[in-house]
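The file model_28.tsv comes next; it holds TSV, C-alpha atoms.
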chain	number	residue	atom	x	y	z
A	180	MET	CA	102.02	80.88	107.27
A	181	GLN	CA	101.45	80.95	103.52
A	182	THR	CA	99.64	84.02	102.22
A	183	ARG	CA	97.42	83.40	99.20
A	184	ILE	CA	96.12	86.06	96.80
A	185	LEU	CA	92.80	85.18	95.18
A	186	SER	CA	91.63	87.34	92.27
A	187	GLY	CA	88.05	88.03	91.26
A	188	ASP	CA	84.56	87.68	92.66
A	189	SER	CA	84.01	83.97	92.05
A	190	GLU	CA	81.68	82.20	94.45
A	191	ILE	CA	84.50	80.05	95.80
A	192	ASN	CA	86.62	83.14	96.61
A	193	ILE	CA	83.70	84.76	98.41
A	194	LEU	CA	82.88	81.64	100.43
A	195	LEU	CA	86.51	80.97	101.30
A	196	ALA	CA	87.00	84.53	102.55
A	197	ALA	CA	83.78	84.33	104.59
A	198	LEU	CA	84.87	81.01	106.13
A	199	HIS	CA	88.20	82.50	107.18
A	200	LEU	CA	86.42	85.43	108.83
A	201	THR	CA	83.95	83.25	110.73
A	202	ALA	CA	86.88	81.08	111.87
A	203	GLY	CA	88.51	84.12	113.47
A	204	GLU	CA	91.17	84.61	110.81
A	205	LEU	CA	92.29	87.79	109.07
A	206	VAL	CA	91.44	88.46	105.43
A	207	ALA	CA	92.60	91.48	103.42
A	208	LEU	CA	89.64	92.87	101.49
A	209	PRO	CA	89.33	95.42	98.68
A	210	THR	CA	87.16	98.49	98.96
A	211	GLU	CA	86.71	101.59	96.83
A	212	THR	CA	88.93	103.53	99.27
A	213	VAL	CA	91.87	101.33	100.34
A	214	TYR	CA	92.41	97.65	101.09
A	215	GLY	CA	91.29	96.70	104.59
A	216	LEU	CA	92.68	94.13	107.03
A	217	GLY	CA	89.44	92.41	107.94
A	218	ALA	CA	88.34	90.36	110.96
A	219	ASN	CA	85.06	89.42	112.62
A	220	GLY	CA	84.31	92.71	114.36
A	221	LEU	CA	82.28	90.98	117.09
A	222	ASP	CA	85.09	88.56	118.05
A	223	PRO	CA	87.60	90.14	120.46
A	224	GLU	CA	90.25	87.50	119.72
A	225	ALA	CA	89.98	88.08	115.97
A	226	VAL	CA	90.08	91.85	116.48
A	227	ALA	CA	93.23	91.47	118.61
A	228	LYS	CA	94.97	89.92	115.58
A	229	ILE	CA	94.42	93.14	113.63
A	230	PHE	CA	96.24	95.20	116.24
A	231	GLU	CA	99.04	92.63	116.45
A	232	VAL	CA	99.64	92.26	112.71
A	233	LYS	CA	99.42	96.00	111.97
A	234	GLY	CA	101.30	97.13	115.07
A	235	ARG	CA	98.33	99.39	115.69
A	236	PRO	CA	97.91	101.37	118.94
A	237	GLN	CA	95.12	99.95	121.11
A	238	ASP	CA	93.47	103.36	121.53
A	239	ASN	CA	92.89	103.72	117.79
A	240	PRO	CA	89.28	102.65	117.04
A	241	LEU	CA	88.38	100.35	114.15
A	242	ILE	CA	85.67	100.79	111.53
A	243	LEU	CA	82.97	98.14	111.25
A	244	HIS	CA	82.03	97.36	107.65
A	245	ILE	CA	78.49	96.20	106.93
A	246	ALA	CA	76.93	94.70	103.82
A	247	ASP	CA	73.75	96.79	103.72
A	248	PRO	CA	72.65	100.07	105.31
A	249	GLU	CA	69.99	98.24	107.33
A	250	GLN	CA	72.73	96.37	109.24
A	251	MET	CA	73.63	99.63	110.97
A	252	GLU	CA	70.88	98.74	113.46
A	253	LEU	CA	72.69	95.50	114.40
A	254	VAL	CA	75.65	97.32	115.95
A	255	CYS	CA	74.36	100.82	116.76
A	256	GLU	CA	71.64	102.19	119.02
A	257	ASN	CA	69.84	105.51	119.40
A	258	ILE	CA	70.56	106.18	115.74
A	259	PRO	CA	69.74	109.78	114.80
A	260	LYS	CA	67.64	110.70	111.78
A	261	SER	CA	70.70	112.30	110.20
A	262	ALA	CA	72.43	108.91	110.00
A	263	TYR	CA	69.60	107.45	107.94
A	264	GLN	CA	69.66	110.52	105.71
A	265	LEU	CA	73.40	110.18	105.11
A	266	ALA	CA	73.06	106.45	104.48
A	267	ALA	CA	70.36	107.09	101.89
A	268	ALA	CA	72.53	109.68	100.17
A	269	PHE	CA	75.99	108.08	100.29
A	270	TRP	CA	75.85	104.35	101.09
A	271	PRO	CA	77.28	102.18	99.72
A	272	GLY	CA	80.17	104.60	99.55
A	273	PRO	CA	83.27	106.12	101.16
A	274	LEU	CA	81.50	107.48	104.25
A	275	THR	CA	81.92	106.33	107.86
A	276	MET	CA	79.57	107.43	110.63
A	277	VAL	CA	80.39	107.43	114.35
A	278	LEU	CA	77.29	106.40	116.30
A	279	PRO	CA	76.34	105.07	119.76
A	280	ALA	CA	77.44	101.43	120.01
A	281	GLN	CA	75.46	98.43	121.11
A	282	ASP	CA	77.01	96.37	123.91
A	283	ARG	CA	77.58	93.45	121.52
A	284	VAL	CA	80.37	95.44	119.84
A	285	PRO	CA	83.56	94.53	121.76
A	286	LEU	CA	85.37	97.30	123.59
A	287	SER	CA	88.53	96.40	121.66
A	288	THR	CA	86.79	97.19	118.36
A	289	ARG	CA	85.76	100.63	119.60
A	290	ALA	CA	88.89	101.38	121.67
A	291	GLY	CA	86.89	101.35	124.91
A	292	LEU	CA	84.53	104.09	123.75
A	293	PRO	CA	80.70	104.10	123.90
A	294	THR	CA	80.69	104.81	120.16
A	295	VAL	CA	81.43	102.76	117.04
A	296	ALA	CA	82.45	103.77	113.52
A	297	VAL	CA	80.39	102.09	110.77
A	298	ARG	CA	80.39	102.14	106.98
A	299	CYS	CA	78.93	100.27	104.02
A	300	PRO	CA	81.66	100.04	101.35
A	301	ASP	CA	80.99	100.49	97.65
A	302	CYS	CA	82.67	97.22	96.68
A	303	ASP	CA	80.37	94.41	95.66
A	304	ILE	CA	82.77	91.54	96.36
A	305	THR	CA	83.45	92.72	99.90
A	306	ARG	CA	79.78	93.25	100.66
A	307	GLN	CA	79.09	89.72	99.41
A	308	ILE	CA	81.80	88.36	101.71
A	309	ILE	CA	80.31	90.22	104.67
A	310	ARG	CA	76.84	88.83	103.89
A	311	HIS	CA	78.14	85.26	103.70
A	312	ALA	CA	80.16	85.68	106.89
A	313	GLY	CA	77.06	86.98	108.66
A	314	VAL	CA	79.05	89.39	110.85
A	315	PRO	CA	80.23	93.00	110.55
A	316	VAL	CA	83.87	93.13	109.55
A	317	ALA	CA	86.36	95.34	111.36
A	318	ALA	CA	88.79	96.46	108.69
A	319	PRO	CA	91.35	99.25	109.10
A	320	SER	CA	93.65	99.98	106.18
A	321	ALA	CA	95.82	96.94	105.51
A	322	ASN	CA	99.19	98.66	105.87
A	323	ILE	CA	101.69	98.45	108.69
A	324	SER	CA	100.50	101.08	111.17
A	325	GLY	CA	101.72	104.57	110.30
A	326	LYS	CA	102.95	103.61	106.83
A	327	PRO	CA	101.30	104.57	103.50
A	328	SER	CA	97.98	102.82	102.99
A	329	THR	CA	97.45	99.88	100.66
A	330	THR	CA	95.60	100.48	97.38
A	331	THR	CA	96.48	97.20	95.62
A	332	ALA	CA	96.63	93.55	96.67
A	333	GLN	CA	100.38	93.61	96.03
A	334	HIS	CA	100.78	96.44	98.56
A	335	VAL	CA	99.09	94.23	101.16
A	336	TYR	CA	101.29	91.29	100.27
A	337	ASP	CA	104.42	93.43	100.55
A	338	ASP	CA	103.44	94.40	104.12
A	339	HIS	CA	101.95	91.16	105.41
A	340	ALA	CA	103.21	88.15	103.46
A	341	GLY	CA	103.47	85.23	105.86
A	342	LYS	CA	101.37	86.99	108.52
A	343	ILE	CA	97.84	86.61	107.13
A	344	PRO	CA	96.33	83.66	105.25
A	345	LEU	CA	94.32	85.37	102.53
A	346	ILE	CA	94.16	88.47	100.33
A	347	ILE	CA	91.21	89.04	98.00
A	348	ASP	CA	92.39	90.95	94.93
A	349	GLY	CA	89.72	93.33	93.64
A	350	GLY	CA	92.09	95.47	91.57
A	351	PRO	CA	93.37	98.98	92.33
A	352	CYS	CA	91.19	101.09	94.63
A	353	ARG	CA	89.48	103.80	92.62
A	354	VAL	CA	89.13	106.44	95.39
A	355	GLY	CA	92.54	105.79	96.90
A	356	VAL	CA	92.17	107.51	100.29
A	357	GLU	CA	90.33	106.30	103.36
A	358	SER	CA	86.67	107.08	103.93
A	359	THR	CA	85.26	110.34	105.17
A	360	ILE	CA	84.37	110.08	108.88
A	361	VAL	CA	81.60	112.15	110.47
A	362	ASP	CA	80.67	112.00	114.16
A	363	LEU	CA	76.91	112.13	114.78
A	364	THR	CA	77.01	111.68	118.56
A	365	ALA	CA	77.56	115.33	119.53
A	366	ASP	CA	75.22	118.32	119.39
A	367	ARG	CA	76.51	119.20	115.92
A	368	PRO	CA	77.84	116.86	113.21
A	369	ARG	CA	81.63	116.88	113.25
A	370	LEU	CA	84.01	115.95	110.42
A	371	LEU	CA	86.77	113.79	111.90
A	372	ARG	CA	88.49	112.82	108.66
A	373	PRO	CA	87.95	114.03	105.07
A	374	GLY	CA	87.68	111.52	102.25
A	375	GLY	CA	85.77	110.67	99.08
A	376	ILE	CA	82.54	112.22	100.39
A	377	THR	CA	83.37	115.90	100.64
A	378	PRO	CA	82.41	118.42	103.35
A	379	GLU	CA	80.32	120.19	100.75
A	380	GLN	CA	78.36	117.00	100.06
A	381	LEU	CA	77.82	116.37	103.77
A	382	GLU	CA	76.51	119.89	104.27
A	383	THR	CA	73.86	119.39	101.58
A	384	VAL	CA	72.34	116.69	103.82
A	385	LEU	CA	73.27	117.88	107.30
A	386	GLY	CA	73.04	121.64	106.80
A	387	ASP	CA	75.72	122.05	109.45
A	388	LEU	CA	79.22	120.62	109.90
A	389	VAL	CA	82.02	121.30	112.37
A	390	ILE	CA	85.59	120.57	111.23
A	391	ASP	CA	87.54	118.80	113.97
A	392	LYS	CA	90.97	120.15	114.87
A	393	ALA	CA	92.54	116.80	113.93
A	394	VAL	CA	91.72	117.48	110.27
A	395	THR	CA	93.92	120.56	110.04
A	396	ALA	CA	96.55	120.17	112.78
A	397	GLN	CA	98.44	117.64	114.87
A	398	ILE	CA	96.54	116.88	118.08
A	399	ASP	CA	97.95	115.92	121.45
A	400	LYS	CA	99.25	112.35	121.81
A	401	ASP	CA	97.11	111.87	124.93
A	402	ALA	CA	93.86	112.96	123.26
A	403	VAL	CA	90.97	110.50	123.20
A	404	VAL	CA	89.76	110.06	119.61
A	405	LYS	CA	86.55	108.55	118.22
A	406	ALA	CA	87.88	107.44	114.85
A	407	PRO	CA	91.06	106.19	113.14
A	408	GLY	CA	93.55	108.48	111.47
A	409	MET	CA	93.10	111.36	113.90
A	410	LYS	CA	95.92	111.28	116.42
A	411	TYR	CA	99.05	109.53	115.20
A	412	LYS	CA	101.42	110.33	112.38
A	413	HIS	CA	99.99	108.42	109.44
A	414	TYR	CA	100.57	107.48	105.84
A	415	ALA	CA	104.28	108.26	106.03
A	416	PRO	CA	107.29	106.78	104.22
A	417	GLN	CA	110.51	106.27	106.19
A	418	SER	CA	112.10	109.58	105.24
A	419	GLU	CA	111.00	113.07	106.25
A	420	VAL	CA	108.21	114.60	104.16
A	421	VAL	CA	108.07	118.38	103.75
A	422	ILE	CA	105.13	120.04	102.00
A	423	VAL	CA	106.10	123.08	99.93
A	424	SER	CA	103.13	125.34	99.28
A	425	GLY	CA	102.83	128.37	97.04
A	426	SER	CA	102.87	129.04	93.30
A	427	ARG	CA	104.61	126.64	90.95
A	428	GLU	CA	107.41	129.10	90.31
A	429	LYS	CA	108.05	129.97	93.97
A	430	ALA	CA	107.82	126.34	95.08
A	431	ALA	CA	110.25	125.23	92.38
A	432	ALA	CA	112.67	128.01	93.33
A	433	TYR	CA	112.59	126.98	96.99
A	434	ILE	CA	113.05	123.28	96.25
A	435	HIS	CA	115.90	123.87	93.79
A	436	ALA	CA	117.64	126.09	96.36
A	437	HIS	CA	117.46	123.41	99.07
A	438	TYR	CA	117.54	120.15	97.13
A	439	ALA	CA	120.40	117.75	97.90
A	440	LYS	CA	121.49	114.39	96.54
A	441	GLY	CA	119.35	111.54	97.88
A	442	GLU	CA	116.22	113.67	98.14
A	443	ARG	CA	113.07	113.31	96.00
A	444	VAL	CA	110.24	115.54	94.80
A	445	LEU	CA	106.60	114.42	94.82
A	446	CYS	CA	104.69	116.66	92.46
A	447	PHE	CA	101.84	117.02	89.99
A	448	GLU	CA	102.24	115.72	86.43
A	449	GLU	CA	102.02	119.29	85.17
A	450	GLU	CA	105.15	120.15	87.19
A	451	LEU	CA	107.47	117.32	86.14
A	452	THR	CA	109.45	119.53	83.76
A	453	LEU	CA	110.19	121.94	86.61
A	454	TYR	CA	112.00	119.23	88.58
A	455	GLN	CA	113.82	117.25	85.90
A	456	ASP	CA	117.08	117.43	87.87
A	457	CYS	CA	115.46	116.66	91.27
A	458	ASP	CA	114.36	113.05	90.71
A	459	PRO	CA	110.62	113.87	90.62
A	460	LEU	CA	107.68	111.48	90.95
A	461	ALA	CA	104.18	112.56	89.89
A	462	TYR	CA	101.16	111.17	91.73
A	463	GLY	CA	98.46	112.61	89.47
A	464	LYS	CA	97.28	115.74	87.72
A	465	GLU	CA	96.61	118.97	89.57
A	466	ALA	CA	93.79	119.61	87.09
A	467	ASP	CA	92.18	116.25	87.96
A	468	VAL	CA	92.16	115.85	91.74
A	469	ALA	CA	90.67	112.35	91.50
A	470	THR	CA	93.97	111.17	89.99
A	471	LEU	CA	95.85	112.65	92.95
A	472	SER	CA	93.57	110.84	95.37
A	473	ALA	CA	93.93	107.54	93.52
A	474	GLY	CA	97.69	107.86	93.09
A	475	LEU	CA	98.87	109.33	96.38
A	476	PHE	CA	99.48	106.20	98.45
A	477	ALA	CA	101.05	104.23	95.59
A	478	ALA	CA	103.50	107.11	95.16
A	479	LEU	CA	104.24	107.35	98.89
A	480	ARG	CA	104.87	103.62	98.99
A	481	GLU	CA	107.28	103.92	96.05
A	482	LEU	CA	109.12	106.60	98.03
A	483	ASP	CA	109.23	104.43	101.16
A	484	ASP	CA	112.93	103.73	100.67
A	485	PRO	CA	115.67	104.09	103.32
A	486	SER	CA	118.05	105.52	100.71
A	487	ILE	CA	115.83	108.60	100.35
A	488	THR	CA	116.74	111.30	102.86
A	489	LYS	CA	113.89	113.79	102.34
A	490	ILE	CA	110.79	114.22	100.20
A	491	TYR	CA	109.56	117.63	99.06
A	492	ALA	CA	105.84	117.30	98.32
A	493	ARG	CA	103.43	119.47	96.40
A	494	CYS	CA	99.87	119.52	97.69
A	495	PRO	CA	96.61	120.54	95.98
A	496	VAL	CA	94.56	123.41	97.34
A	497	GLY	CA	90.83	123.94	97.61
A	498	GLY	CA	87.87	121.91	98.78
A	499	GLY	CA	86.21	118.72	97.59
A	500	VAL	CA	88.44	115.67	97.26
A	501	ALA	CA	91.50	117.97	97.32
A	502	TYR	CA	90.71	118.51	100.99
A	503	ALA	CA	91.20	114.79	101.66
A	504	VAL	CA	94.48	114.69	99.72
A	505	GLN	CA	95.72	117.68	101.72
A	506	ASN	CA	94.83	115.89	104.96
A	507	ARG	CA	96.75	112.72	104.06
A	508	LEU	CA	99.84	114.58	102.89
A	509	LYS	CA	99.85	116.80	105.96
A	510	LYS	CA	99.60	113.70	108.18
A	511	ALA	CA	102.48	112.10	106.27
A	512	ALA	CA	104.51	115.27	106.80
A	513	ALA	CA	103.48	115.59	110.46
A	514	PHE	CA	102.15	119.02	109.39
A	515	HIS	CA	105.62	120.26	108.36
A	516	ILE	CA	104.69	122.86	105.72
A	517	ILE	CA	106.91	125.51	104.14
A	518	ASP	CA	105.27	128.47	102.41
A	519	ALA	CA	107.46	129.17	99.40
A	520	GLU	CA	105.79	132.56	98.93
A	521	VAL	CA	107.47	133.62	102.18
A	522	GLU	CA	110.63	131.48	102.25
A	523	ALA	CA	111.75	131.48	98.61
As structure tokens, the full file:
Amino acid sequence: MQTRILSGDSEINILLAALHLTAGELVALPTETVYGLGANGLDPEAVAKIFEVKGRPQDNPLILHIADPEQMELVCENIPKSAYQLAAAFWPGPLTMVLPAQDRVPLSTRAGLPTVAVRCPDCDITRQIIRHAGVPVAAPSANISGKPSTTTAQHVYDDHAGKIPLIIDGGPCRVGVESTIVDLTADRPRLLRPGGITPEQLETVLGDLVIDKAVTAQIDKDAVVKAPGMKYKHYAPQSEVVIVSGSREKAAAYIHAHYAKGERVLCFEEELTLYQDCDPLAYGKEADVATLSAGLFAALRELDDPSITKIYARCPVGGGVAYAVQNRLKKAAAFHIIDAEVEA
């Protein structure tokens, strides 16, 4: 199969992508978060191709992408008032809501659950494609399952050339980490995955928010999950990732004491001079967390090299978008964290 990359939001690109989707084919689509591997979310055979191409576990639910907030009612039922409030505040945008599913949503799309994850992406070209296709689009991140996510069309091509027919190039993703996921089917709203919409922002609308254990720790492999990115090791390059927390000085002392040839350091731009002899790679500025979010996966993909034996990673602290960056790095490290304040 030849994989074509089409750049821009021309009418012919939009119509061609929509035709592929309605024909049951896969199309990689840009969003503000990461590139998604899209299929007709109401077609079980098309959805099955996503799992096959990604190597994705069957018990990992998919997110349905819709073109307009009103389309939530086409795939969900018994929608709570809070969902409409969140949609008014944050859609289109990097927020996914878990809601009761209508029967028309295939069990394969929702991993056999009575719920479905839905979002309206803040990417005009992709929303236009969804409108022309006339169906919600199931679109997990377009990386090989478990590997760092795709934030450019070239990343998608590197992972899936010859396996999918079409990639729509919308440029680099500006948010750079997957959407925030909040479950609205329990007694209290529950954050299942942090992202571009922060817990603080959610609380301004919801007034209450429970943080799921999967956000801060590895959960059991047999656990039933309502959303992607909760259970399995995710976002990881081939080599071991170790997060080193603590002050700049203590972290640098620990890394220098343990660093060996073939290892790499993933750090903030402000720290590059501290690791000149440790082959460092910066993924953004600590003082500008948005750059860390946008640059994280590109950096992890650059470090996805079998010649690298270990990666020491520096992680931002605090809330807001930093919380999402922490989550992705901790998932990549399988929650292996060394406190340099104690160990140095």
key: Residue nearest Ala312 (chain A) - candidates A:Thr212, A:Gln181, A:Thr201, A:Thr359, atoms counted: only C-alpha atoms   =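 Of A:Thr212, A:Gln181, A:Thr201, A:Thr359, the one nearest Ala312 (chain A), counting only C-alpha atoms, is A:Thr201.
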query = Any idea what's packed within 12 Å of Leu265 (chain A), counting all atoms listed in the file, ignoring anything in its chain fewer than 4 positions away? Could you give it as a ChimeraX atom specification?
reply = /A:248,258-261,269-277,298-299,359-363,368,376,380-386
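Closest to Glu231 (chain A) among A:Cys446, A:Ile323, A:Leu195, A:Leu185 is A:Ile323, based on all atoms listed in the file.
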task = Find the distance between CA of Ile517 (chain A) and CA of Arg480 (chain A) and write it in Å to one decimal.
result = 22.6 Å
10 Å contact set for region 315-318 of chain A, only C-alpha atoms, chain neighbours under 5 positions out, as JSON, numbers by chain = {"A": [200, 201, 205, 206, 207, 208, 214, 215, 216, 217, 218, 219, 220, 221, 222, 225, 226, 229, 240, 241, 242, 243, 244, 245, 246, 250, 251, 253, 254, 284, 288, 289, 296, 297, 298, 299, 305, 306, 308, 309, 310]}
request  = Could you tell me how far CA of Ile304 (chain A) lies from CA of Pro285 (chain A), in Å and to one decimal?
outcome  =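 Taking CA of Ile304 (chain A) as the start and CA of Pro285 (chain A) as the end point, the length is 25.6 Å.
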request  = Would you mind listing what lies within 10 Å of Gln281 (chain A) as a PyMOL selection string, with only C-alpha atoms counted and same-chain residues fewer than 4 positions away left out?
outcome  = chain A and resi 252-257+285+293-295
Okay, now the selection with C-alpha atoms, as a compact mmCIF listing (two decimals), in the coordinates of the input?
# COMPACT_ATOMS: atom_id res chain seq x y z
CA GLU A 252 70.88 98.74 113.46
CA LEU A 253 72.69 95.50 114.40
CA VAL A 254 75.65 97.32 115.95
CA CYS A 255 74.36 100.82 116.76
CA GLU A 256 71.64 102.19 119.02
CA ASN A 257 69.84 105.51 119.40
CA PRO A 285 83.56 94.53 121.76
CA PRO A 293 80.70 104.10 123.90
CA THR A 294 80.69 104.81 120.16
CA VAL A 295 81.43 102.76 117.04
message = Can you measure CA of Thr377 (chain A) to CA of Glu448 (chain A) for me? One decimal in Å is fine.
response =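 Spanning CA of Thr377 (chain A) to CA of Glu448 (chain A) is a straight-line distance of 23.6 Å.
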task = Return the single residue from A:Val213, A:Ala365, A:Ala492, A:Ala321 that is closest to Gly425 (chain A), with distances computed using only C-alpha atoms.
result =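 When distances to Gly425 (chain A) are compared using only C-alpha atoms, the smallest one comes from A:Ala492.
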query = Pick the closest to Pro327 (chain A) from A:Gly355, A:Pro495, A:Pro209, A:Pro485: which is it, counting only C-alpha atoms?
reply =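 Nearest to Pro327 (chain A): A:Gly355.
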Top pick for closest residue to Thr331 (chain A), considering A:Gly463, A:Gly375, A:Gly203, A:Gly350 and counting all atoms listed in the file =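 Distance minimum relative to Thr331 (chain A) lands on A:Gly350.
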key: Nearest to His339 (chain A), chosen from A:Lys233, A:Tyr454, A:Leu508, A:Lys489, with only C-alpha atoms counted in the distances   = A:Lys233
ask   = Leaving out Lys342 (chain A) and any residue of its chain fewer than 5 positions from it, which residues lie within 9 Å of it when counting all atoms listed in the file, given as a PyMOL selection string?
value = chain A and resi 180-182+232
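The residues that lie within 8 Å of the point (111.2, 133.0, 98.6), counting all atoms listed in the file, are Lys429, Ala432, Tyr433, Ala519, Glu520, Val521, Glu522 and Ala523 of chain A.
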How would the residues just picked look written out with C-alpha atoms as a compact mmCIF listing (two decimals), in the coordinates of the input?
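Written file, result-v6.txt:
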# COMPACT_ATOMS: atom_id res chain seq x y z
CA LYS A 429 108.05 129.97 93.97
CA ALA A 432 112.67 128.01 93.33
CA TYR A 433 112.59 126.98 96.99
CA ALA A 519 107.46 129.17 99.40
CA GLU A 520 105.79 132.56 98.93
CA VAL A 521 107.47 133.62 102.18
CA GLU A 522 110.63 131.48 102.25
CA ALA A 523 111.75 131.48 98.61
key: Close residues, Pro416 (chain A) itself excluded, 6 Å, all atoms listed in the file, min 2 positions apart in chain, as a PyMOL selection string   = chain A and resi 326+418+483
Output C-alpha atoms for every residue in that selection, as a compact mmCIF listing (two decimals), in the coordinates of the input.
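Written file, part17.txt:
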# COMPACT_ATOMS: atom_id res chain seq x y z
CA LYS A 326 102.95 103.61 106.83
CA SER A 418 112.10 109.58 105.24
CA ASP A 483 109.23 104.43 101.16
